[in-house]
Every structure is written in structure tokens, then in C-alpha cells.
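Text of the file my_file-v1.pdb, holding PDB, C-alpha atoms, pLDDT in the B column:
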ATOM      1  CA  MET S   1      -6.636 -28.299 -65.727  1.00 49.00           C
ATOM      2  CA  PHE S   2      -6.962 -24.600 -64.939  1.00 50.00           C
ATOM      3  CA  SER S   3      -8.776 -25.208 -61.651  1.00 56.00           C
ATOM      4  CA  ARG S   4      -6.078 -27.672 -60.501  1.00 57.00           C
ATOM      5  CA  ARG S   5      -3.386 -25.053 -61.023  1.00 58.00           C
ATOM      6  CA  LEU S   6      -5.476 -22.402 -59.265  1.00 52.00           C
ATOM      7  CA  PHE S   7      -6.100 -24.804 -56.387  1.00 53.00           C
ATOM      8  CA  ALA S   8      -2.381 -25.637 -56.164  1.00 58.00           C
ATOM      9  CA  PHE S   9      -1.466 -21.924 -56.220  1.00 58.00           C
ATOM     10  CA  VAL S  10      -4.017 -21.010 -53.504  1.00 52.00           C
ATOM     11  CA  THR S  11      -2.873 -23.952 -51.378  1.00 57.00           C
ATOM     12  CA  THR S  12       0.716 -22.763 -51.745  1.00 59.00           C
ATOM     13  CA  LEU S  13      -0.241 -19.223 -50.731  1.00 52.00           C
ATOM     14  CA  ILE S  14      -2.049 -20.525 -47.651  1.00 58.00           C
ATOM     15  CA  ALA S  15       0.926 -22.673 -46.665  1.00 52.00           C
ATOM     16  CA  VAL S  16       3.329 -19.768 -47.140  1.00 49.00           C
ATOM     17  CA  SER S  17       1.036 -17.386 -45.232  1.00 52.00           C
ATOM     18  CA  VAL S  18       0.620 -19.760 -42.307  1.00 45.00           C
ATOM     19  CA  SER S  19       4.332 -20.469 -42.292  1.00 49.00           C
ATOM     20  CA  ALA S  20       5.160 -16.741 -42.364  1.00 48.00           C
ATOM     21  CA  ALA S  21       2.617 -15.914 -39.655  1.00 48.00           C
ATOM     22  CA  CYS S  22       3.725 -18.700 -37.332  1.00 48.00           C
ATOM     23  CA  SER S  23       7.437 -18.369 -37.905  1.00 48.00           C
ATOM     24  CA  PRO S  24       8.404 -14.934 -39.239  1.00 47.00           C
ATOM     25  CA  LEU S  25      12.107 -15.793 -39.298  1.00 48.00           C
ATOM     26  CA  ALA S  26      11.709 -19.029 -41.233  1.00 46.00           C
ATOM     27  CA  ALA S  27      12.355 -18.986 -44.971  1.00 48.00           C
ATOM     28  CA  PRO S  28       9.181 -19.507 -47.021  1.00 48.00           C
ATOM     29  CA  THR S  29       8.901 -22.782 -48.851  1.00 50.00           C
ATOM     30  CA  LEU S  30       6.901 -23.634 -51.941  1.00 51.00           C
ATOM     31  CA  ALA S  31       5.051 -26.923 -52.154  1.00 50.00           C
ATOM     32  CA  THR S  32       5.145 -28.314 -55.684  1.00 50.00           C
ATOM     33  CA  THR S  33       4.074 -31.553 -57.242  1.00 51.00           C
ATOM     34  CA  PRO S  34       6.318 -33.238 -59.797  1.00 53.00           C
ATOM     35  CA  ALA S  35       3.541 -33.361 -62.405  1.00 54.00           C
ATOM     36  CA  GLU S  36       2.788 -29.641 -62.333  1.00 53.00           C
ATOM     37  CA  PRO S  37       5.733 -27.401 -61.358  1.00 51.00           C
ATOM     38  CA  LEU S  38       4.984 -23.853 -60.217  1.00 51.00           C
ATOM     39  CA  ILE S  39       6.965 -20.842 -61.265  1.00 54.00           C
ATOM     40  CA  ALA S  40       8.830 -19.458 -58.256  1.00 53.00           C
ATOM     41  CA  ALA S  41       8.047 -15.775 -57.730  1.00 49.00           C
ATOM     42  CA  PRO S  42       9.210 -13.580 -54.861  1.00 50.00           C
ATOM     43  CA  ILE S  43       6.619 -14.486 -52.249  1.00 50.00           C
ATOM     44  CA  THR S  44       7.870 -11.850 -49.815  1.00 52.00           C
ATOM     45  CA  ALA S  45       6.297  -9.143 -51.988  1.00 51.00           C
ATOM     46  CA  VAL S  46       2.820 -10.625 -51.449  1.00 51.00           C
ATOM     47  CA  PRO S  47       1.223  -9.735 -48.117  1.00 54.00           C
ATOM     48  CA  PRO S  48      -0.128 -12.685 -46.149  1.00 54.00           C
ATOM     49  CA  THR S  49      -3.779 -13.381 -46.887  1.00 52.00           C
ATOM     50  CA  LEU S  50      -6.529 -15.228 -45.143  1.00 52.00           C
ATOM     51  CA  VAL S  51      -8.655 -17.499 -47.296  1.00 52.00           C
ATOM     52  CA  VAL S  52     -12.215 -18.068 -46.197  1.00 51.00           C
ATOM     53  CA  GLY S  53     -14.080 -20.052 -48.782  1.00 50.00           C
ATOM     54  CA  PRO S  54     -13.667 -18.466 -52.193  1.00 51.00           C
ATOM     55  CA  THR S  55     -13.060 -14.937 -50.764  1.00 50.00           C
ATOM     56  CA  ILE S  56      -9.558 -13.572 -50.101  1.00 52.00           C
ATOM     57  CA  VAL S  57      -9.348 -10.977 -47.304  1.00 49.00           C
ATOM     58  CA  ALA S  58      -6.285  -8.763 -46.843  1.00 51.00           C
ATOM     59  CA  PRO S  59      -4.973  -8.391 -43.274  1.00 52.00           C
ATOM     60  CA  THR S  60      -5.794  -5.244 -41.323  1.00 53.00           C
ATOM     61  CA  VAL S  61      -2.884  -2.843 -40.972  1.00 51.00           C
ATOM     62  CA  VAL S  62      -2.598  -1.300 -37.512  1.00 50.00           C
ATOM     63  CA  ALA S  63      -0.696   1.968 -37.282  1.00 49.00           C
ATOM     64  CA  SER S  64       1.958   2.109 -34.587  1.00 48.00           C
ATOM     65  CA  PRO S  65       1.383   4.705 -31.856  1.00 47.00           C
ATOM     66  CA  THR S  66       3.146   8.026 -32.127  1.00 51.00           C
ATOM     67  CA  ALA S  67       4.658  10.099 -29.344  1.00 52.00           C
ATOM     68  CA  THR S  68       1.492  12.207 -29.138  1.00 58.00           C
ATOM     69  CA  ASP S  69      -0.760   9.181 -28.587  1.00 65.00           C
ATOM     70  CA  CYS S  70      -1.030   8.799 -24.827  1.00 70.00           C
ATOM     71  CA  PRO S  71      -3.922   7.604 -22.738  1.00 66.00           C
ATOM     72  CA  THR S  72      -4.950   9.883 -19.919  1.00 69.00           C
ATOM     73  CA  ALA S  73      -3.375   8.394 -16.833  1.00 80.00           C
ATOM     74  CA  TRP S  74      -2.682   9.881 -13.427  1.00 82.00           C
ATOM     75  CA  SER S  75      -0.674   8.632 -10.448  1.00 87.00           C
ATOM     76  CA  TRP S  76      -0.570   9.857  -6.854  1.00 90.00           C
ATOM     77  CA  ALA S  77       2.498  11.955  -6.111  1.00 91.00           C
ATOM     78  CA  TYR S  78       4.060  14.457  -3.725  1.00 93.00           C
ATOM     79  CA  GLY S  79       5.223  17.814  -4.986  1.00 92.00           C
ATOM     80  CA  PRO S  80       6.957  20.935  -3.747  1.00 93.00           C
ATOM     81  CA  GLY S  81       5.424  23.145  -1.117  1.00 94.00           C
ATOM     82  CA  SER S  82       4.802  26.887  -1.171  1.00 95.00           C
ATOM     83  CA  THR S  83       7.563  29.120   0.150  1.00 95.00           C
ATOM     84  CA  GLU S  84       5.108  32.057   0.160  1.00 96.00           C
ATOM     85  CA  PHE S  85       2.808  30.069   2.445  1.00 96.00           C
ATOM     86  CA  ASP S  86       5.700  29.009   4.704  1.00 96.00           C
ATOM     87  CA  THR S  87       6.823  32.651   5.096  1.00 96.00           C
ATOM     88  CA  ALA S  88       3.282  33.953   5.710  1.00 97.00           C
ATOM     89  CA  LEU S  89       2.522  31.266   8.319  1.00 96.00           C
ATOM     90  CA  THR S  90       5.809  31.878  10.115  1.00 96.00           C
ATOM     91  CA  SER S  91       4.954  35.577  10.317  1.00 96.00           C
ATOM     92  CA  ALA S  92       1.384  34.891  11.538  1.00 96.00           C
ATOM     93  CA  LEU S  93       2.579  32.525  14.274  1.00 96.00           C
ATOM     94  CA  THR S  94       5.369  34.897  15.366  1.00 95.00           C
ATOM     95  CA  ASP S  95       2.767  37.687  15.663  1.00 95.00           C
ATOM     96  CA  LEU S  96       0.881  35.419  18.113  1.00 91.00           C
ATOM     97  CA  GLY S  97       3.981  35.175  20.330  1.00 92.00           C
ATOM     98  CA  GLN S  98       5.093  31.686  19.240  1.00 92.00           C
ATOM     99  CA  THR S  99       8.780  30.863  18.754  1.00 92.00           C
ATOM    100  CA  VAL S 100       8.795  29.281  15.330  1.00 95.00           C
ATOM    101  CA  ARG S 101      11.788  27.056  14.565  1.00 95.00           C
ATOM    102  CA  SER S 102      10.562  26.054  11.099  1.00 95.00           C
ATOM    103  CA  VAL S 103       7.585  25.787   8.768  1.00 97.00           C
ATOM    104  CA  ALA S 104       7.727  23.343   5.867  1.00 96.00           C
ATOM    105  CA  SER S 105       4.991  22.564   3.385  1.00 96.00           C
ATOM    106  CA  SER S 106       4.630  20.035   0.589  1.00 96.00           C
ATOM    107  CA  THR S 107       1.860  19.253  -1.834  1.00 95.00           C
ATOM    108  CA  PHE S 108       0.006  16.038  -2.475  1.00 95.00           C
ATOM    109  CA  GLY S 109      -1.728  15.454  -5.773  1.00 94.00           C
ATOM    110  CA  GLU S 110      -1.474  13.658  -9.094  1.00 93.00           C
ATOM    111  CA  ASN S 111       1.103  13.415 -11.875  1.00 90.00           C
ATOM    112  CA  ASN S 112      -0.166  13.277 -15.445  1.00 87.00           C
ATOM    113  CA  LEU S 113       1.754  10.333 -16.905  1.00 84.00           C
ATOM    114  CA  CYS S 114       1.282  11.628 -20.472  1.00 85.00           C
ATOM    115  CA  ASN S 115       2.823  15.069 -20.177  1.00 83.00           C
ATOM    116  CA  GLY S 116       4.468  15.055 -16.730  1.00 82.00           C
ATOM    117  CA  SER S 117       2.343  17.879 -15.315  1.00 86.00           C
ATOM    118  CA  PHE S 118       1.477  17.904 -11.602  1.00 88.00           C
ATOM    119  CA  HIS S 119      -1.939  18.806 -10.155  1.00 89.00           C
ATOM    120  CA  ALA S 120      -1.786  19.671  -6.429  1.00 93.00           C
ATOM    121  CA  MET S 121      -4.855  18.712  -4.400  1.00 94.00           C
ATOM    122  CA  SER S 122      -3.766  19.456  -0.825  1.00 96.00           C
ATOM    123  CA  LEU S 123      -1.002  21.129   1.169  1.00 96.00           C
ATOM    124  CA  ASP S 124       0.707  19.148   3.947  1.00 96.00           C
ATOM    125  CA  VAL S 125       2.277  21.331   6.650  1.00 96.00           C
ATOM    126  CA  THR S 126       4.869  20.668   9.367  1.00 95.00           C
ATOM    127  CA  VAL S 127       5.430  23.364  12.012  1.00 96.00           C
ATOM    128  CA  GLU S 128       8.158  23.243  14.665  1.00 95.00           C
ATOM    129  CA  LEU S 129       7.734  25.456  17.725  1.00 93.00           C
ATOM    130  CA  ALA S 130      10.302  25.948  20.457  1.00 92.00           C
ATOM    131  CA  VAL S 131       8.915  25.690  24.012  1.00 87.00           C
ATOM    132  CA  ALA S 132      10.738  26.046  27.308  1.00 82.00           C
ATOM    133  CA  ASP S 133       9.023  23.274  29.255  1.00 75.00           C
ATOM    134  CA  ALA S 134       7.516  19.926  28.225  1.00 68.00           C
ATOM    135  CA  GLY S 135       5.405  20.008  31.403  1.00 69.00           C
ATOM    136  CA  HIS S 136       2.747  22.066  29.627  1.00 69.00           C
ATOM    137  CA  GLU S 137       1.551  19.068  27.655  1.00 71.00           C
ATOM    138  CA  ALA S 138      -2.119  20.008  28.123  1.00 73.00           C
ATOM    139  CA  ALA S 139      -1.504  23.312  26.328  1.00 81.00           C
ATOM    140  CA  PHE S 140      -0.075  21.562  23.252  1.00 85.00           C
ATOM    141  CA  SER S 141      -3.571  20.690  21.966  1.00 83.00           C
ATOM    142  CA  GLU S 142      -4.737  24.296  22.421  1.00 86.00           C
ATOM    143  CA  VAL S 143      -1.686  25.692  20.615  1.00 89.00           C
ATOM    144  CA  THR S 144      -2.179  23.106  17.858  1.00 89.00           C
ATOM    145  CA  ALA S 145      -5.768  24.309  17.360  1.00 89.00           C
ATOM    146  CA  LEU S 146      -4.451  27.893  17.162  1.00 92.00           C
ATOM    147  CA  VAL S 147      -1.822  26.838  14.575  1.00 94.00           C
ATOM    148  CA  MET S 148      -4.541  25.058  12.596  1.00 93.00           C
ATOM    149  CA  SER S 149      -6.687  28.213  12.454  1.00 94.00           C
ATOM    150  CA  ARG S 150      -3.698  30.240  11.184  1.00 96.00           C
ATOM    151  CA  ILE S 151      -3.021  27.564   8.542  1.00 95.00           C
ATOM    152  CA  GLU S 152      -6.648  27.857   7.349  1.00 95.00           C
ATOM    153  CA  GLU S 153      -6.337  31.658   7.165  1.00 96.00           C
ATOM    154  CA  THR S 154      -3.003  31.514   5.318  1.00 96.00           C
ATOM    155  CA  LEU S 155      -3.892  28.707   2.879  1.00 96.00           C
ATOM    156  CA  PRO S 156      -5.066  31.022   0.019  1.00 96.00           C
ATOM    157  CA  VAL S 157      -1.482  32.373  -0.234  1.00 95.00           C
ATOM    158  CA  SER S 158      -0.354  28.907  -1.413  1.00 95.00           C
ATOM    159  CA  GLY S 159      -2.888  28.610  -4.246  1.00 94.00           C
ATOM    160  CA  ILE S 160      -3.644  25.039  -3.102  1.00 94.00           C
ATOM    161  CA  PRO S 161      -7.353  24.327  -2.494  1.00 93.00           C
ATOM    162  CA  ASN S 162      -7.184  22.000   0.550  1.00 95.00           C
ATOM    163  CA  ILE S 163      -5.256  21.379   3.749  1.00 93.00           C
ATOM    164  CA  GLY S 164      -3.788  17.892   3.963  1.00 93.00           C
ATOM    165  CA  ARG S 165      -1.866  16.402   6.861  1.00 91.00           C
ATOM    166  CA  VAL S 166      -0.670  18.840   9.529  1.00 93.00           C
ATOM    167  CA  GLU S 167       2.010  18.081  12.109  1.00 93.00           C
ATOM    168  CA  VAL S 168       2.960  20.469  14.907  1.00 93.00           C
ATOM    169  CA  ARG S 169       6.164  19.682  16.808  1.00 92.00           C
ATOM    170  CA  PHE S 170       6.904  21.170  20.216  1.00 90.00           C
ATOM    171  CA  VAL S 171      10.653  21.084  20.785  1.00 89.00           C
ATOM    172  CA  THR S 172      11.904  21.407  24.364  1.00 83.00           C
ATOM    173  CA  PRO S 173      15.425  20.936  25.732  1.00 80.00           C
ATOM    174  CA  GLU S 174      14.366  17.558  27.200  1.00 80.00           C
ATOM    175  CA  ALA S 175      12.054  16.104  24.545  1.00 80.00           C
ATOM    176  CA  THR S 176      10.000  16.723  21.450  1.00 85.00           C
ATOM    177  CA  TRP S 177       6.239  16.330  21.331  1.00 81.00           C
ATOM    178  CA  ARG S 178       4.331  15.872  18.132  1.00 86.00           C
ATOM    179  CA  CYS S 179       0.691  16.665  17.428  1.00 82.00           C
ATOM    180  CA  ALA S 180      -0.598  15.213  14.163  1.00 85.00           C
ATOM    181  CA  ILE S 181      -3.807  16.439  12.574  1.00 81.00           C
ATOM    182  CA  LEU S 182      -5.609  14.670   9.762  1.00 71.00           C
ATOM    183  CA  GLY S 183      -9.149  15.879   9.189  1.00 71.00           C
ATOM    184  CA  ALA S 184     -10.926  16.467  12.506  1.00 74.00           C
ATOM    185  CA  SER S 185      -8.635  14.176  14.505  1.00 75.00           C
ATOM    186  CA  THR S 186      -5.717  15.511  16.607  1.00 79.00           C
ATOM    187  CA  GLU S 187      -3.276  13.229  18.385  1.00 80.00           C
ATOM    188  CA  CYS S 188      -0.358  14.442  20.555  1.00 79.00           C
ATOM    189  CA  GLN S 189       2.423  12.175  21.756  1.00 81.00           C
ATOM    190  CA  PRO S 190       6.157  12.207  22.476  1.00 80.00           C
ATOM    191  CA  ALA S 191       8.110  12.143  19.221  1.00 80.00           C
ATOM    192  CA  PRO S 192      10.718   9.431  18.722  1.00 73.00           C
TER
END
File written out as C-alpha cells:
Amino acid sequence: MFSRRLFAFVTTLIAVSVSAACSPLAAPTLATTPAEPLIAAPITAVPPTLVVGPTIVAPTVVASPTATDCPTAWSWAYGPGSTEFDTALTSALTDLGQTVRSVASSTFGENNLCNGSFHAMSLDVTVELAVADAGHEAAFSEVTALVMSRIEETLPVSGIPNIGRVEVRFVTPEATWRCAILGASTECQPAP
């Protein structure tokens, strides 16, 4: 008689646990037989259990993540340039006799998605020079090489370890030429 009641109770717990796990919003039901009624107790106070043979195993409780739990994750991003570098390069190019219209730098690196910090890896530079005549197209490559050497000399002022993409624009009254440098490659062409 005792084992029948125990079996009926365990069967009821399994049914309630499965019902609660599959449908958390459904109201738990108790299965009873007319010959042996069970005493209704608040089932919600009993955590769901998993029955494997005669052993009852409690479910594992997983703690929810806190604000300080964050995987290390980085994403590529652009950041601000260096005004100190821009000023120093403008001065260096002016000392060489160039008419500098503007120098603008920006950084390329990674954002830390956990704490929002930015790690700059390279400095991209755009230089605009005013020239009187677009007919000196052959000299644009030479001047671009000169600008590149001044960028290399001035880079430590920025605190950024590497030079990224460099663009030198030659602005004339008739047209604008653009020389783009990425690595060892230089390409000059009329700018749109």
C-alpha cells in the first residue's frame, strides 16, 4: 500500500514538473485516482525535479550575468586624429615651401565592446596643397613622396604606431588631383 502511494506521488511530481517545464504559464494540475486521493499541497514551492530511476536530481541553477561579466570583444572602428600631428606636419610642409591648405588626420583601430575604450593602430592622413598649375602632373608623385617622408618623421608626435592610408590632394584653379598612398603603392589621378 505504501509503495502505491509513493509511486502515485512520484508520478504526480513528474507530471507537474514536465507540465511546468513545458508550459511555465499553465496552472499545475494534480492527477488523482478515485480510490486513493492525494492531499493537495502548494506544488509551486517544490522546485522541478528530474527522476532517473530511483534517484532524484535537483536542477542546476545558473546565475544570471552581471554588468561586470563581459566577454572580450573588439570591433574595427575609426577614431579622432591628432591635432598635434596635424599642426606639426603643416609646419614641416610649409618650411619646405609648400602651400598647405589643410592637414587632417584620423585614427583606425579597434573598439573594446566591453568597456568602450578605443585602441588606435594606424593614423590616416589627408593633405591638401595649393598649386598654381595642373600641368605639372609629373611633379605630383615627387611631392607626394616628399610629403610621405615628412609624415614618417612627424608620426611620433601623434603617439600612433603606424601610418595608415595617406591621400595628398593638389588643388589648382582648374582641377584637383589626388594621390593616394596605401603601403608602397602610390596612385595619382584627377579627383572627382
Translate the PyMOL selection byres ((chain S and resi 89) around 8), as applied to the file shown, into an explicit residue set as a short mmCIF file (atom, residue, chain, number, x, y, z; two decimals) with C-alpha atoms, in the coordinates of the input.
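expr07.cif was written with the following content:
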data_model
loop_
_atom_site.label_atom_id
_atom_site.label_comp_id
_atom_site.auth_asym_id
_atom_site.auth_seq_id
_atom_site.Cartn_x
_atom_site.Cartn_y
_atom_site.Cartn_z
CA PHE S 85 2.81 30.07 2.44
CA ASP S 86 5.70 29.01 4.70
CA THR S 87 6.82 32.65 5.10
CA ALA S 88 3.28 33.95 5.71
CA THR S 90 5.81 31.88 10.12
CA SER S 91 4.95 35.58 10.32
CA ALA S 92 1.38 34.89 11.54
CA LEU S 93 2.58 32.52 14.27
CA VAL S 103 7.58 25.79 8.77
CA ARG S 150 -3.70 30.24 11.18
CA ILE S 151 -3.02 27.56 8.54
CA THR S 154 -3.00 31.51 5.32
#
*Between S:Ala104, S:Ala191, S:Val131, S:Leu123, which has the minimum distance to S:Pro156 (counting only C-alpha atoms)?*
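So, comparing all the options, the nearest one is S:Leu123.
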*asked:* Excluding stretch 165-180 of chain S and its own-chain neighbours fewer than 2 positions away, which residues fall within 7 Å of it when counting all atoms listed in the file? Please give them as a PyMOL selection string.
replied: chain S and resi 124-134+144+163+182+186-191
*Using the chain letters and numbering of this document, enumerate as a list of chain:residue names the residues selected by the PyMOL selection byres ((chain S and resi 109) around 12).*
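That selection, the PyMOL selection byres ((chain S and resi 109) around 12), comes back as S:Trp74, S:Ser75, S:Trp76, S:Ala77, S:Tyr78, S:Gly79, S:Pro80, S:Gly81, S:Ser106, S:Thr107, S:Phe108, S:Glu110, S:Asn111, S:Asn112, S:Ser117, S:Phe118, S:His119, S:Ala120, S:Met121, S:Ser122, S:Leu123, S:Asp124, S:Ile160, S:Pro161, S:Asn162, S:Ile163, S:Gly164.
You will find atom CA of S:Ser105 at 25.9 Å from atom CA of S:Ala138.
Atom pair atom CA of S:Cys114 / atom CA of S:Ala73 has a distance of 6.7 Å (rounded to one decimal).
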*atom CA of S:Glu153 to atom CA of S:Thr83: how many Å, to one decimal?*
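If I compute the distance from atom CA of S:Glu153 to atom CA of S:Thr83, I get 15.8 Å.
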Around all listed atoms of stretch 165-175 of chain S, padded 3 Å per side, what centre and edge lengths does the axis-aligned box have in Å to one decimal, as AutoDock Vina command-line options?
--center_x 6.8 --center_y 18.8 --center_z 17.0 --size_x 23.3 --size_y 11.3 --size_z 26.3
*asked:* From the options S:Leu96, S:Ala145, S:Val157, S:Ala139, which residue's atoms come nearest to S:Ala184, counting all atoms listed in the file?
replied: S:Ala145
